$ cat final20.pdb   # PDB, C-alpha atoms and all ligand atoms
MODEL        1
ATOM      1  CA  MET A  25      -2.776  18.703 -22.236  1.00  0.00           C
ATOM      2  CA  LYS A  26      -1.508  21.680 -20.279  1.00  0.00           C
ATOM      3  CA  LEU A  27      -1.582  21.101 -16.519  1.00  0.00           C
ATOM      4  CA  THR A  28      -0.545  22.772 -13.291  1.00  0.00           C
ATOM      5  CA  LEU A  29       1.088  20.469 -10.762  1.00  0.00           C
ATOM      6  CA  GLU A  30       1.165  21.343  -7.064  1.00  0.00           C
ATOM      7  CA  ILE A  31       3.784  19.010  -5.624  1.00  0.00           C
ATOM      8  CA  TRP A  32       5.001  18.464  -2.060  1.00  0.00           C
ATOM      9  CA  ARG A  33       8.743  19.134  -1.884  1.00  0.00           C
ATOM     10  CA  GLN A  34      10.681  18.220   1.249  1.00  0.00           C
ATOM     11  CA  LYS A  35      14.477  17.953   1.366  1.00  0.00           C
ATOM     12  CA  ASN A  36      14.652  15.269   4.041  1.00  0.00           C
ATOM     13  CA  ALA A  37      12.788  13.804   7.006  1.00  0.00           C
ATOM     14  CA  GLN A  38      13.721  16.732   9.276  1.00  0.00           C
ATOM     15  CA  ALA A  39      13.121  19.592   6.838  1.00  0.00           C
ATOM     16  CA  LYS A  40       9.865  21.520   6.671  1.00  0.00           C
ATOM     17  CA  GLY A  41       8.162  20.742   3.370  1.00  0.00           C
ATOM     18  CA  GLN A  42       5.988  22.892   1.118  1.00  0.00           C
ATOM     19  CA  MET A  43       3.817  22.702  -1.974  1.00  0.00           C
ATOM     20  CA  VAL A  44       5.603  23.948  -5.119  1.00  0.00           C
ATOM     21  CA  THR A  45       3.821  24.815  -8.391  1.00  0.00           C
ATOM     22  CA  TYR A  46       5.037  23.410 -11.729  1.00  0.00           C
ATOM     23  CA  PRO A  47       3.308  24.167 -15.042  1.00  0.00           C
ATOM     24  CA  ILE A  48       3.627  21.299 -17.537  1.00  0.00           C
ATOM     25  CA  ASP A  49       2.659  21.037 -21.229  1.00  0.00           C
ATOM     26  CA  GLY A  50       2.419  18.359 -23.946  1.00  0.00           C
ATOM     27  CA  ILE A  51       0.941  15.643 -21.727  1.00  0.00           C
ATOM     28  CA  ASP A  52      -0.825  12.888 -23.669  1.00  0.00           C
ATOM     29  CA  GLY A  53      -3.909  11.150 -22.271  1.00  0.00           C
ATOM     30  CA  ASP A  54      -2.299   7.750 -22.953  1.00  0.00           C
ATOM     31  CA  MET A  55       0.652   8.485 -20.666  1.00  0.00           C
ATOM     32  CA  SER A  56       0.641   6.920 -17.233  1.00  0.00           C
ATOM     33  CA  PHE A  57       0.821   9.255 -14.248  1.00  0.00           C
ATOM     34  CA  LEU A  58       4.424   8.213 -13.617  1.00  0.00           C
ATOM     35  CA  GLU A  59       5.344   8.915 -17.258  1.00  0.00           C
ATOM     36  CA  MET A  60       3.935  12.404 -16.752  1.00  0.00           C
ATOM     37  CA  MET A  61       6.165  12.719 -13.664  1.00  0.00           C
ATOM     38  CA  ASP A  62       9.116  11.543 -15.788  1.00  0.00           C
ATOM     39  CA  VAL A  63       8.412  14.368 -18.278  1.00  0.00           C
ATOM     40  CA  LEU A  64       8.435  16.873 -15.419  1.00  0.00           C
ATOM     41  CA  ASN A  65      11.653  15.459 -13.977  1.00  0.00           C
ATOM     42  CA  ASN A  66      13.395  15.557 -17.378  1.00  0.00           C
ATOM     43  CA  GLU A  67      12.476  19.235 -17.632  1.00  0.00           C
ATOM     44  CA  LEU A  68      13.731  19.918 -14.099  1.00  0.00           C
ATOM     45  CA  ILE A  69      17.022  18.084 -14.750  1.00  0.00           C
ATOM     46  CA  ASN A  70      17.537  19.944 -18.060  1.00  0.00           C
ATOM     47  CA  LYS A  71      17.096  23.240 -16.171  1.00  0.00           C
ATOM     48  CA  GLY A  72      19.587  22.145 -13.509  1.00  0.00           C
ATOM     49  CA  ASP A  73      16.879  21.812 -10.831  1.00  0.00           C
ATOM     50  CA  GLU A  74      16.436  18.863  -8.487  1.00  0.00           C
ATOM     51  CA  PRO A  75      13.980  16.255  -9.825  1.00  0.00           C
ATOM     52  CA  VAL A  76      10.986  15.272  -7.689  1.00  0.00           C
ATOM     53  CA  VAL A  77      11.800  12.116  -5.721  1.00  0.00           C
ATOM     54  CA  PHE A  78       9.140   9.412  -5.858  1.00  0.00           C
ATOM     55  CA  ASP A  79       9.117   5.655  -5.375  1.00  0.00           C
ATOM     56  CA  HIS A  80       8.447   3.287  -8.277  1.00  0.00           C
ATOM     57  CA  ASP A  81       9.623  -0.068  -9.499  1.00  0.00           C
ATOM     58  CA  CYS A  82       7.415  -2.470 -11.494  1.00  0.00           C
ATOM     59  CA  ARG A  83       5.186   0.164 -13.138  1.00  0.00           C
ATOM     60  CA  GLU A  84       2.534  -2.531 -13.623  1.00  0.00           C
ATOM     61  CA  GLY A  85       0.607  -2.558 -10.343  1.00  0.00           C
ATOM     62  CA  ILE A  86       2.540  -5.318  -8.603  1.00  0.00           C
ATOM     63  CA  CYS A  87       5.237  -3.885  -6.326  1.00  0.00           C
ATOM     64  CA  GLY A  88       3.159  -1.342  -4.403  1.00  0.00           C
ATOM     65  CA  SER A  89       5.882   1.284  -4.288  1.00  0.00           C
ATOM     66  CA  CYS A  90       4.311   4.151  -6.297  1.00  0.00           C
ATOM     67  CA  SER A  91       2.693   5.792  -3.271  1.00  0.00           C
ATOM     68  CA  MET A  92       1.193   9.159  -4.158  1.00  0.00           C
ATOM     69  CA  PHE A  93      -1.762  11.068  -2.797  1.00  0.00           C
ATOM     70  CA  ILE A  94      -3.292  12.686  -5.903  1.00  0.00           C
ATOM     71  CA  ASN A  95      -6.016  15.321  -5.580  1.00  0.00           C
ATOM     72  CA  GLY A  96      -6.715  14.061  -2.057  1.00  0.00           C
ATOM     73  CA  GLU A  97      -7.000  10.381  -2.992  1.00  0.00           C
ATOM     74  CA  ALA A  98      -4.524   7.539  -2.629  1.00  0.00           C
ATOM     75  CA  HIS A  99      -3.347   6.606  -6.157  1.00  0.00           C
ATOM     76  CA  GLY A 100      -5.644   9.279  -7.639  1.00  0.00           C
ATOM     77  CA  PRO A 101      -9.212   9.379  -8.929  1.00  0.00           C
ATOM     78  CA  ASP A 102      -9.454   5.926 -10.580  1.00  0.00           C
ATOM     79  CA  ARG A 103     -10.570   2.799  -8.672  1.00  0.00           C
ATOM     80  CA  LEU A 104      -8.604  -0.446  -8.287  1.00  0.00           C
ATOM     81  CA  VAL A 105      -5.400   0.953  -9.791  1.00  0.00           C
ATOM     82  CA  THR A 106      -2.022   2.029  -8.507  1.00  0.00           C
ATOM     83  CA  THR A 107      -0.442   5.352  -9.515  1.00  0.00           C
ATOM     84  CA  CYS A 108       1.607   3.631 -12.232  1.00  0.00           C
ATOM     85  CA  GLN A 109      -1.628   2.260 -13.744  1.00  0.00           C
ATOM     86  CA  LEU A 110      -3.416   5.619 -13.634  1.00  0.00           C
ATOM     87  CA  HIS A 111      -3.718   7.248 -17.052  1.00  0.00           C
ATOM     88  CA  MET A 112      -3.556  10.965 -17.748  1.00  0.00           C
ATOM     89  CA  ARG A 113      -6.855  10.696 -19.671  1.00  0.00           C
ATOM     90  CA  LYS A 114      -8.489  10.762 -16.231  1.00  0.00           C
ATOM     91  CA  PHE A 115      -7.585  14.478 -16.132  1.00  0.00           C
ATOM     92  CA  LYS A 116      -8.668  17.410 -18.316  1.00  0.00           C
ATOM     93  CA  ASP A 117      -6.649  20.038 -20.136  1.00  0.00           C
ATOM     94  CA  GLY A 118      -6.113  22.959 -17.752  1.00  0.00           C
ATOM     95  CA  ASP A 119      -6.505  20.889 -14.571  1.00  0.00           C
ATOM     96  CA  THR A 120      -4.521  21.599 -11.435  1.00  0.00           C
ATOM     97  CA  ILE A 121      -3.310  18.373  -9.799  1.00  0.00           C
ATOM     98  CA  THR A 122      -2.071  18.215  -6.207  1.00  0.00           C
ATOM     99  CA  ILE A 123       0.475  15.491  -5.477  1.00  0.00           C
ATOM    100  CA  GLU A 124       1.471  14.630  -1.921  1.00  0.00           C
ATOM    101  CA  PRO A 125       3.213  11.767  -0.126  1.00  0.00           C
ATOM    102  CA  TRP A 126       1.366   9.289   2.121  1.00  0.00           C
ATOM    103  CA  ARG A 127       0.827  11.108   5.408  1.00  0.00           C
ATOM    104  CA  ALA A 128       0.947   8.859   8.482  1.00  0.00           C
ATOM    105  CA  ALA A 129       3.133   8.669  11.581  1.00  0.00           C
ATOM    106  CA  GLY A 130       4.085   5.110  10.582  1.00  0.00           C
ATOM    107  CA  PHE A 131       5.302   6.305   7.155  1.00  0.00           C
ATOM    108  CA  PRO A 132       7.783   9.169   7.716  1.00  0.00           C
ATOM    109  CA  VAL A 133       8.717  11.180   4.625  1.00  0.00           C
ATOM    110  CA  ILE A 134      12.227  10.418   3.328  1.00  0.00           C
ATOM    111  CA  LYS A 135      12.229  13.023   0.576  1.00  0.00           C
ATOM    112  CA  ASP A 136       9.497  14.743  -1.501  1.00  0.00           C
ATOM    113  CA  LEU A 137       6.946  11.998  -2.305  1.00  0.00           C
ATOM    114  CA  MET A 138       8.991   9.078  -1.004  1.00  0.00           C
ATOM    115  CA  VAL A 139       8.056   7.686   2.411  1.00  0.00           C
ATOM    116  CA  ASP A 140       9.635   5.013   4.582  1.00  0.00           C
ATOM    117  CA  ARG A 141       7.298   1.990   4.517  1.00  0.00           C
ATOM    118  CA  SER A 142       9.703  -0.350   6.339  1.00  0.00           C
ATOM    119  CA  ALA A 143       7.141  -0.540   9.180  1.00  0.00           C
ATOM    120  CA  PHE A 144       5.204  -2.914   6.910  1.00  0.00           C
ATOM    121  CA  ASP A 145       8.307  -5.102   6.522  1.00  0.00           C
ATOM    122  CA  ARG A 146       8.715  -5.281  10.298  1.00  0.00           C
ATOM    123  CA  ILE A 147       5.053  -6.305  10.696  1.00  0.00           C
ATOM    124  CA  GLN A 148       5.600  -9.033   8.099  1.00  0.00           C
ATOM    125  CA  HIS A 149       8.750 -10.219   9.853  1.00  0.00           C
ATOM    126  CA  ALA A 150       6.791 -10.473  13.111  1.00  0.00           C
ATOM    127  CA  GLY A 151       4.582 -13.267  11.744  1.00  0.00           C
ATOM    128  CA  GLY A 152       3.737 -13.021   8.058  1.00  0.00           C
ATOM    129  CA  PHE A 153       5.235 -16.386   7.133  1.00  0.00           C
ATOM    130  CA  ILE A 154       4.847 -20.135   7.604  1.00  0.00           C
ATOM    131  CA  SER A 155       7.589 -22.514   8.663  1.00  0.00           C
ATOM    132  CA  ILE A 156       8.226 -25.286   6.142  1.00  0.00           C
ATOM    133  CA  ASN A 157       9.632 -28.743   6.769  1.00  0.00           C
ATOM    134  CA  THR A 158      12.649 -28.951   4.469  1.00  0.00           C
ATOM    135  CA  SER A 159      13.673 -32.474   5.501  1.00  0.00           C
ATOM    136  CA  GLY A 160      13.174 -33.818   2.001  1.00  0.00           C
ATOM    137  CA  ASN A 161       9.867 -35.453   2.965  1.00  0.00           C
ATOM    138  CA  THR A 162       7.820 -32.286   2.552  1.00  0.00           C
ATOM    139  CA  GLN A 163       4.242 -32.913   1.511  1.00  0.00           C
ATOM    140  CA  ASP A 164       3.328 -31.387  -1.827  1.00  0.00           C
ATOM    141  CA  ALA A 165       1.021 -28.442  -1.063  1.00  0.00           C
ATOM    142  CA  ASN A 166      -1.203 -29.423  -3.997  1.00  0.00           C
ATOM    143  CA  ALA A 167      -1.842 -32.799  -2.340  1.00  0.00           C
ATOM    144  CA  ILE A 168      -3.724 -31.125   0.544  1.00  0.00           C
ATOM    145  CA  PRO A 169      -7.412 -30.678  -0.353  1.00  0.00           C
ATOM    146  CA  ILE A 170      -8.718 -27.160   0.346  1.00  0.00           C
ATOM    147  CA  GLU A 171     -12.289 -25.911  -0.048  1.00  0.00           C
ATOM    148  CA  LYS A 172     -12.572 -23.753  -3.185  1.00  0.00           C
ATOM    149  CA  ALA A 173     -14.151 -20.879  -1.238  1.00  0.00           C
ATOM    150  CA  ASP A 174     -11.252 -20.888   1.277  1.00  0.00           C
ATOM    151  CA  ALA A 175      -8.633 -21.109  -1.464  1.00  0.00           C
ATOM    152  CA  ASP A 176     -10.240 -18.192  -3.315  1.00  0.00           C
ATOM    153  CA  ALA A 177     -10.494 -16.032  -0.158  1.00  0.00           C
ATOM    154  CA  ALA A 178      -6.853 -16.789   0.754  1.00  0.00           C
ATOM    155  CA  PHE A 179      -5.767 -15.914  -2.772  1.00  0.00           C
ATOM    156  CA  ASP A 180      -7.742 -12.656  -2.706  1.00  0.00           C
ATOM    157  CA  ALA A 181      -6.051 -11.699   0.587  1.00  0.00           C
ATOM    158  CA  ALA A 182      -2.658 -12.590  -0.874  1.00  0.00           C
ATOM    159  CA  THR A 183      -3.093 -10.038  -3.658  1.00  0.00           C
ATOM    160  CA  CYS A 184      -2.294  -7.234  -1.164  1.00  0.00           C
ATOM    161  CA  ILE A 185       0.805  -5.487  -2.534  1.00  0.00           C
ATOM    162  CA  GLY A 186       1.716  -3.650   0.676  1.00  0.00           C
ATOM    163  CA  CYS A 187       1.298  -0.240  -0.935  1.00  0.00           C
ATOM    164  CA  GLY A 188      -0.010   1.514   2.177  1.00  0.00           C
ATOM    165  CA  ALA A 189      -2.945   3.252   0.476  1.00  0.00           C
ATOM    166  CA  CYS A 190      -5.191   1.854   3.217  1.00  0.00           C
ATOM    167  CA  VAL A 191      -3.134   3.640   5.882  1.00  0.00           C
ATOM    168  CA  ALA A 192      -2.939   6.876   3.890  1.00  0.00           C
ATOM    169  CA  SER A 193      -6.717   6.929   3.316  1.00  0.00           C
ATOM    170  CA  CYS A 194      -7.668   6.210   6.927  1.00  0.00           C
ATOM    171  CA  LYS A 195      -8.337   9.113   9.289  1.00  0.00           C
ATOM    172  CA  ASN A 196      -6.757   6.982  12.049  1.00  0.00           C
ATOM    173  CA  SER A 197      -3.781   5.909   9.880  1.00  0.00           C
ATOM    174  CA  SER A 198      -4.823   2.357  10.634  1.00  0.00           C
ATOM    175  CA  ALA A 199      -2.919  -0.506   9.024  1.00  0.00           C
ATOM    176  CA  MET A 200      -5.637  -3.046   9.820  1.00  0.00           C
ATOM    177  CA  LEU A 201      -6.537  -3.787   6.184  1.00  0.00           C
ATOM    178  CA  PHE A 202      -2.919  -4.568   5.302  1.00  0.00           C
ATOM    179  CA  VAL A 203      -2.262  -6.645   8.424  1.00  0.00           C
ATOM    180  CA  SER A 204      -5.567  -8.499   8.139  1.00  0.00           C
ATOM    181  CA  ALA A 205      -4.801  -9.425   4.520  1.00  0.00           C
ATOM    182  CA  LYS A 206      -1.421 -10.793   5.579  1.00  0.00           C
ATOM    183  CA  VAL A 207      -3.027 -12.753   8.443  1.00  0.00           C
ATOM    184  CA  SER A 208      -5.916 -14.029   6.289  1.00  0.00           C
ATOM    185  CA  GLN A 209      -3.790 -15.358   3.455  1.00  0.00           C
ATOM    186  CA  PHE A 210      -2.446 -17.941   5.921  1.00  0.00           C
ATOM    187  CA  SER A 211      -5.268 -18.394   8.422  1.00  0.00           C
ATOM    188  CA  LEU A 212      -7.609 -19.793   5.763  1.00  0.00           C
ATOM    189  CA  LEU A 213      -5.170 -22.532   4.728  1.00  0.00           C
ATOM    190  CA  PRO A 214      -4.099 -25.654   6.641  1.00  0.00           C
ATOM    191  CA  GLN A 215      -0.445 -24.648   6.217  1.00  0.00           C
ATOM    192  CA  GLY A 216      -1.143 -21.482   8.198  1.00  0.00           C
ATOM    193  CA  LYS A 217      -2.919 -23.082  11.149  1.00  0.00           C
ATOM    194  CA  VAL A 218       0.214 -24.261  13.006  1.00  0.00           C
ATOM    195  CA  GLU A 219       1.509 -20.757  13.788  1.00  0.00           C
ATOM    196  CA  ALA A 220      -1.869 -18.993  13.719  1.00  0.00           C
ATOM    197  CA  THR A 221      -1.896 -17.939  17.399  1.00  0.00           C
ATOM    198  CA  ASP A 222       1.603 -16.450  17.447  1.00  0.00           C
ATOM    199  CA  ARG A 223       1.138 -14.907  14.012  1.00  0.00           C
ATOM    200  CA  VAL A 224      -1.870 -12.749  14.798  1.00  0.00           C
ATOM    201  CA  MET A 225      -0.629 -11.775  18.280  1.00  0.00           C
ATOM    202  CA  ASN A 226       2.845 -10.796  17.059  1.00  0.00           C
ATOM    203  CA  MET A 227       1.719  -8.978  13.932  1.00  0.00           C
ATOM    204  CA  VAL A 228      -0.899  -6.931  15.803  1.00  0.00           C
ATOM    205  CA  LYS A 229       1.648  -6.106  18.530  1.00  0.00           C
ATOM    206  CA  GLN A 230       4.155  -4.905  15.922  1.00  0.00           C
ATOM    207  CA  MET A 231       1.443  -2.913  14.125  1.00  0.00           C
ATOM    208  CA  ASP A 232       0.674  -1.077  17.366  1.00  0.00           C
ATOM    209  CA  GLU A 233       4.363  -0.453  18.088  1.00  0.00           C
ATOM    210  CA  GLU A 234       4.833   1.108  14.649  1.00  0.00           C
ATOM    211  CA  GLY A 235       2.369   3.881  15.500  1.00  0.00           C
ATOM    212  CA  PHE A 236      -0.580   2.921  13.294  1.00  0.00           C
ATOM    213  CA  GLY A 237      -4.022   3.804  14.645  1.00  0.00           C
ATOM    214  CA  ASN A 238      -6.975   1.585  15.330  1.00  0.00           C
ATOM    215  CA  CYS A 239      -9.841   0.702  13.000  1.00  0.00           C
ATOM    216  CA  THR A 240     -13.150   2.521  13.482  1.00  0.00           C
ATOM    217  CA  ASN A 241     -14.888   0.888  10.497  1.00  0.00           C
ATOM    218  CA  THR A 242     -15.039   3.943   8.238  1.00  0.00           C
ATOM    219  CA  GLY A 243     -14.184   1.730   5.244  1.00  0.00           C
ATOM    220  CA  ALA A 244     -12.024   4.312   3.418  1.00  0.00           C
ATOM    221  CA  CYS A 245      -9.245   1.714   3.182  1.00  0.00           C
ATOM    222  CA  GLU A 246     -11.395  -0.731   1.204  1.00  0.00           C
ATOM    223  CA  VAL A 247     -12.538   2.027  -1.181  1.00  0.00           C
ATOM    224  CA  GLU A 248      -8.984   3.188  -1.927  1.00  0.00           C
ATOM    225  CA  CYS A 249      -7.262  -0.208  -1.961  1.00  0.00           C
ATOM    226  CA  PRO A 250      -5.941  -0.837  -5.495  1.00  0.00           C
ATOM    227  CA  LYS A 251      -6.377  -4.586  -5.043  1.00  0.00           C
ATOM    228  CA  GLY A 252      -9.919  -4.559  -3.675  1.00  0.00           C
ATOM    229  CA  ILE A 253      -8.934  -6.130  -0.343  1.00  0.00           C
ATOM    230  CA  SER A 254     -12.184  -6.616   1.568  1.00  0.00           C
ATOM    231  CA  LEU A 255     -13.065  -5.393   5.057  1.00  0.00           C
ATOM    232  CA  GLU A 256     -14.051  -9.018   5.751  1.00  0.00           C
ATOM    233  CA  ASN A 257     -10.354  -9.615   6.330  1.00  0.00           C
ATOM    234  CA  ILE A 258     -10.391  -7.187   9.266  1.00  0.00           C
ATOM    235  CA  ALA A 259     -13.360  -9.037  10.771  1.00  0.00           C
ATOM    236  CA  ARG A 260     -11.478 -12.325  10.303  1.00  0.00           C
ATOM    237  CA  MET A 261      -8.337 -10.924  11.937  1.00  0.00           C
ATOM    238  CA  ASN A 262     -10.376  -9.638  14.885  1.00  0.00           C
ATOM    239  CA  ARG A 263     -11.852 -13.135  15.360  1.00  0.00           C
ATOM    240  CA  GLU A 264      -8.373 -14.676  15.099  1.00  0.00           C
ATOM    241  CA  PHE A 265      -7.051 -12.162  17.609  1.00  0.00           C
ATOM    242  CA  MET A 266      -9.865 -12.835  20.096  1.00  0.00           C
ATOM    243  CA  THR A 267      -9.333 -16.602  19.835  1.00  0.00           C
ATOM    244  CA  ALA A 268      -5.563 -16.219  20.207  1.00  0.00           C
ATOM    245  CA  SER A 269      -5.952 -13.882  23.225  1.00  0.00           C
ATOM    246  CA  MET A 270      -8.145 -16.432  25.015  1.00  0.00           C
ATOM    247  CA  LYS A 271      -5.589 -19.172  24.354  1.00  0.00           C
ATOM    248  CA  GLY A 272      -2.751 -16.925  25.558  1.00  0.00           C
TER     249      GLY A 272
HETATM  250  S1  LIG A 301      -4.639  -3.729   1.828  1.00  0.00           S
HETATM  251 FE1  LIG A 301      -4.765  -2.735  -0.209  1.00  0.00          FE
HETATM  252  S2  LIG A 301      -4.249  -0.588   0.206  1.00  0.00           S
HETATM  253 FE2  LIG A 301      -3.539  -1.768   1.975  1.00  0.00          FE
HETATM  254  S3  LIG A 301      -1.412  -2.290   1.568  1.00  0.00           S
HETATM  255 FE3  LIG A 301      -2.656  -4.013   0.792  1.00  0.00          FE
HETATM  256  S4  LIG A 301      -3.021  -3.531  -1.361  1.00  0.00           S
HETATM  257 FE4  LIG A 301      -2.331  -1.614  -0.420  1.00  0.00          FE
HETATM  258  S1  LIG A 302       5.417   1.009  -9.579  1.00  0.00           S
HETATM  259 FE1  LIG A 302       4.932  -1.002  -8.843  1.00  0.00          FE
HETATM  260  S2  LIG A 302       2.829  -0.866  -8.262  1.00  0.00           S
HETATM  261 FE2  LIG A 302       3.253   1.071  -9.191  1.00  0.00          FE
ENDMDL
END
$ encode --input "final20.pdb" --output "C-alpha cells"
Amino acid sequence: MKLTLEIWRQKNAQAKGQMVTYPIDGIDGDMSFLEMMDVLNNELINKGDEPVVFDHDCREGICGSCSMFINGEAHGPDRLVTTCQLHMRKFKDGDTITIEPWRAAGFPVIKDLMVDRSAFDRIQHAGGFISINTSGNTQDANAIPIEKADADAAFDAATCIGCGACVASCKNSSAMLFVSAKVSQFSLLPQGKVEATDRVMNMVKQMDEEGFGNCTNTGACEVECPKGISLENIARMNREFMTASMKG
C-alpha cells in the first residue's frame, strides 16, 4: 500500500506543534500500525531526519502505552484494540491517515505523539490499592467465597490497562471510566471493602486536581475503550462516592 501520513510533530511541551505530511510506500496489510510507524522512522533515520516519537512497550495490547489518535479516533478505526493491535489491512491503498497525540489538559504532550500520563499514576497512588496483612497469618484469597457475578465484574474492571483512550475520546476530557474501573475492581471484593471510603474519596479528589473534566454521560469513552470497560463502573463509582460522602 501507498499511504500519506499526516503526523503531529512537536519538539517539546513548550513548542508549538504542527501537522507534517509523510508519504510512505510498501506497507503490507498484515503489518501492525506500530510496525508501519517503524518503517517510517527507519526511513527518517536513514535520511538523517528526526524519527517520530511515540510510546510503546508490550505491542500486544497489555501495557496501554501506544496512545495515538488515528483519523479522529483513539487507537484508530477498529473496536476493542489498542494501536499496537491495529492492522494496516483496516486501511486502503492511497488513504491519508492523520495521527495525533491524546489531547487533554491532564495529558500534556512530551514530544510528537508521546504524552505524559503520570496523572493516572498519581490517581492510582491516591487509593488504587489494598493493604495486606503480611504477618505470616494472611488468609489465602482463594479461601474467601465470592459470588461468581461479583468476581466476573471485578475481573472485567481490572482489565483496564490505563491507556487513556477514554479521556482522549471524551469532549470533557473526563477520566471517570478509568477511575471507576480502578475503584470497581476493589469495591466488588471483600478485600476492597476495608479502605472503600478513603479509596473513592481520595481517587476522585486526585482526579479533579489533575485537571480532568466531569462525566456528562456521552458514552464516547465506552465506545473507544480497547478493553470494553462498561459505563456501569461509573454508576458504581458514583454510588460509592455518594455513600462515602455521607459517611465523611
Ligand atoms: S477505561 Fe478503557 S480507555 Fe480508559 S484507561 Fe482503562 S482501558 Fe483505557
Ligand atoms: S504497546 Fe502495549 S498496549 Fe500497545
$ residues_near_ligand --input "final20.pdb" --ligand "ligand LIG 301 (chain A)" --cutoff "7 Å" --atoms "all atoms listed in the file" --output "VMD selection string"
chain A and resid 88 183 to 191 201 to 202 205 245 248 to 253
$ residues_near_point --input "final20.pdb" --point "(2.3, 23.7, -11.6)" --cutoff "12 Å" --atoms "all atoms listed in the file" --output "PDB file with C-alpha atoms, in the frame of the given file"
ATOM      1  CA  LYS A  26      -1.508  21.680 -20.279  1.00  0.00           C
ATOM      2  CA  LEU A  27      -1.582  21.101 -16.519  1.00  0.00           C
ATOM      3  CA  THR A  28      -0.545  22.772 -13.291  1.00  0.00           C
ATOM      4  CA  LEU A  29       1.088  20.469 -10.762  1.00  0.00           C
ATOM      5  CA  GLU A  30       1.165  21.343  -7.064  1.00  0.00           C
ATOM      6  CA  ILE A  31       3.784  19.010  -5.624  1.00  0.00           C
ATOM      7  CA  TRP A  32       5.001  18.464  -2.060  1.00  0.00           C
ATOM      8  CA  MET A  43       3.817  22.702  -1.974  1.00  0.00           C
ATOM      9  CA  VAL A  44       5.603  23.948  -5.119  1.00  0.00           C
ATOM     10  CA  THR A  45       3.821  24.815  -8.391  1.00  0.00           C
ATOM     11  CA  TYR A  46       5.037  23.410 -11.729  1.00  0.00           C
ATOM     12  CA  PRO A  47       3.308  24.167 -15.042  1.00  0.00           C
ATOM     13  CA  ILE A  48       3.627  21.299 -17.537  1.00  0.00           C
ATOM     14  CA  ASP A  49       2.659  21.037 -21.229  1.00  0.00           C
ATOM     15  CA  MET A  61       6.165  12.719 -13.664  1.00  0.00           C
ATOM     16  CA  LEU A  64       8.435  16.873 -15.419  1.00  0.00           C
ATOM     17  CA  GLY A 118      -6.113  22.959 -17.752  1.00  0.00           C
ATOM     18  CA  ASP A 119      -6.505  20.889 -14.571  1.00  0.00           C
ATOM     19  CA  THR A 120      -4.521  21.599 -11.435  1.00  0.00           C
ATOM     20  CA  ILE A 121      -3.310  18.373  -9.799  1.00  0.00           C
ATOM     21  CA  THR A 122      -2.071  18.215  -6.207  1.00  0.00           C
ATOM     22  CA  ILE A 123       0.475  15.491  -5.477  1.00  0.00           C
TER      23      ILE A 123
END
$ closest_atom_pairs --input "final20.pdb" --of "chain A" --to "ligand LIG 302 (chain A)" --cutoff "10 Å" --atoms "only C-alpha atoms and all ligand atoms" --output "Markdown table"
| residue | atom | partner | partner_atom | distance |
| --- | --- | --- | --- | --- |
| A:Phe57 | CA | A:LIG302 | FE2 | 9.9 |
| A:Leu58 | CA | A:LIG302 | S1 | 8.3 |
| A:Phe78 | CA | A:LIG302 | S1 | 9.9 |
| A:Asp79 | CA | A:LIG302 | S1 | 7.3 |
| A:His80 | CA | A:LIG302 | S1 | 4.0 |
| A:Asp81 | CA | A:LIG302 | S1 | 4.3 |
| A:Cys82 | CA | A:LIG302 | FE1 | 3.9 |
| A:Arg83 | CA | A:LIG302 | S1 | 3.7 |
| A:Glu84 | CA | A:LIG302 | FE1 | 5.6 |
| A:Gly85 | CA | A:LIG302 | S2 | 3.5 |
| A:Ile86 | CA | A:LIG302 | S2 | 4.5 |
| A:Cys87 | CA | A:LIG302 | FE1 | 3.8 |
| A:Gly88 | CA | A:LIG302 | S2 | 3.9 |
| A:Ser89 | CA | A:LIG302 | FE1 | 5.2 |
| A:Cys90 | CA | A:LIG302 | FE2 | 4.4 |
| A:Ser91 | CA | A:LIG302 | FE2 | 7.6 |
| A:Met92 | CA | A:LIG302 | FE2 | 9.7 |
| A:His99 | CA | A:LIG302 | FE2 | 9.1 |
| A:Val105 | CA | A:LIG302 | S2 | 8.6 |
| A:Thr106 | CA | A:LIG302 | FE2 | 5.4 |
| A:Thr107 | CA | A:LIG302 | FE2 | 5.7 |
| A:Cys108 | CA | A:LIG302 | FE2 | 4.3 |
| A:Gln109 | CA | A:LIG302 | FE2 | 6.8 |
| A:Leu110 | CA | A:LIG302 | FE2 | 9.2 |
| A:Ile185 | CA | A:LIG302 | S2 | 7.6 |
| A:Gly186 | CA | A:LIG302 | S2 | 9.4 |
| A:Cys187 | CA | A:LIG302 | S2 | 7.5 |
| A:Pro250 | CA | A:LIG302 | S2 | 9.2 |
$ write_last_selection --input "final20.pdb" --atoms "C-alpha atoms" --output "tab-separated table (two decimals), in the frame of the given file"
chain	number	residue	atom	x	y	z
A	57	PHE	CA	0.82	9.26	-14.25
A	58	LEU	CA	4.42	8.21	-13.62
A	78	PHE	CA	9.14	9.41	-5.86
A	79	ASP	CA	9.12	5.66	-5.38
A	80	HIS	CA	8.45	3.29	-8.28
A	81	ASP	CA	9.62	-0.07	-9.50
A	82	CYS	CA	7.42	-2.47	-11.49
A	83	ARG	CA	5.19	0.16	-13.14
A	84	GLU	CA	2.53	-2.53	-13.62
A	85	GLY	CA	0.61	-2.56	-10.34
A	86	ILE	CA	2.54	-5.32	-8.60
A	87	CYS	CA	5.24	-3.88	-6.33
A	88	GLY	CA	3.16	-1.34	-4.40
A	89	SER	CA	5.88	1.28	-4.29
A	90	CYS	CA	4.31	4.15	-6.30
A	91	SER	CA	2.69	5.79	-3.27
A	92	MET	CA	1.19	9.16	-4.16
A	99	HIS	CA	-3.35	6.61	-6.16
A	105	VAL	CA	-5.40	0.95	-9.79
A	106	THR	CA	-2.02	2.03	-8.51
A	107	THR	CA	-0.44	5.35	-9.52
A	108	CYS	CA	1.61	3.63	-12.23
A	109	GLN	CA	-1.63	2.26	-13.74
A	110	LEU	CA	-3.42	5.62	-13.63
A	185	ILE	CA	0.80	-5.49	-2.53
A	186	GLY	CA	1.72	-3.65	0.68
A	187	CYS	CA	1.30	-0.24	-0.94
A	250	PRO	CA	-5.94	-0.84	-5.50
$ atom_distance --input "final20.pdb" --atom1 "atom CA of Val139 of chain A" --atom2 "atom CA of Pro125 of chain A"
6.8 Å
$ residues_around --input "final20.pdb" --residues "Val218 of chain A" --least-positions-apart "5" --cutoff "10 Å" --atoms "only C-alpha atoms" --output "number ranges by chain"
A: 154-155, 210-211, 223
$ closest_atom_pairs --input "final20.pdb" --of "segment 176-231 of chain A" --to "segment 268-271 of chain A" --cutoff "9 Å" --atoms "all atoms listed in the file" --output "JSON lines"
{"residue": "A:Ala220", "atom": "CA", "partner": "A:Ala268", "partner_atom": "CA", "distance": 8.0}
{"residue": "A:Thr221", "atom": "CA", "partner": "A:Ala268", "partner_atom": "CA", "distance": 4.9}
{"residue": "A:Asp222", "atom": "CA", "partner": "A:Ala268", "partner_atom": "CA", "distance": 7.7}
{"residue": "A:Val224", "atom": "CA", "partner": "A:Ala268", "partner_atom": "CA", "distance": 7.4}
{"residue": "A:Met225", "atom": "CA", "partner": "A:Ala268", "partner_atom": "CA", "distance": 6.9}
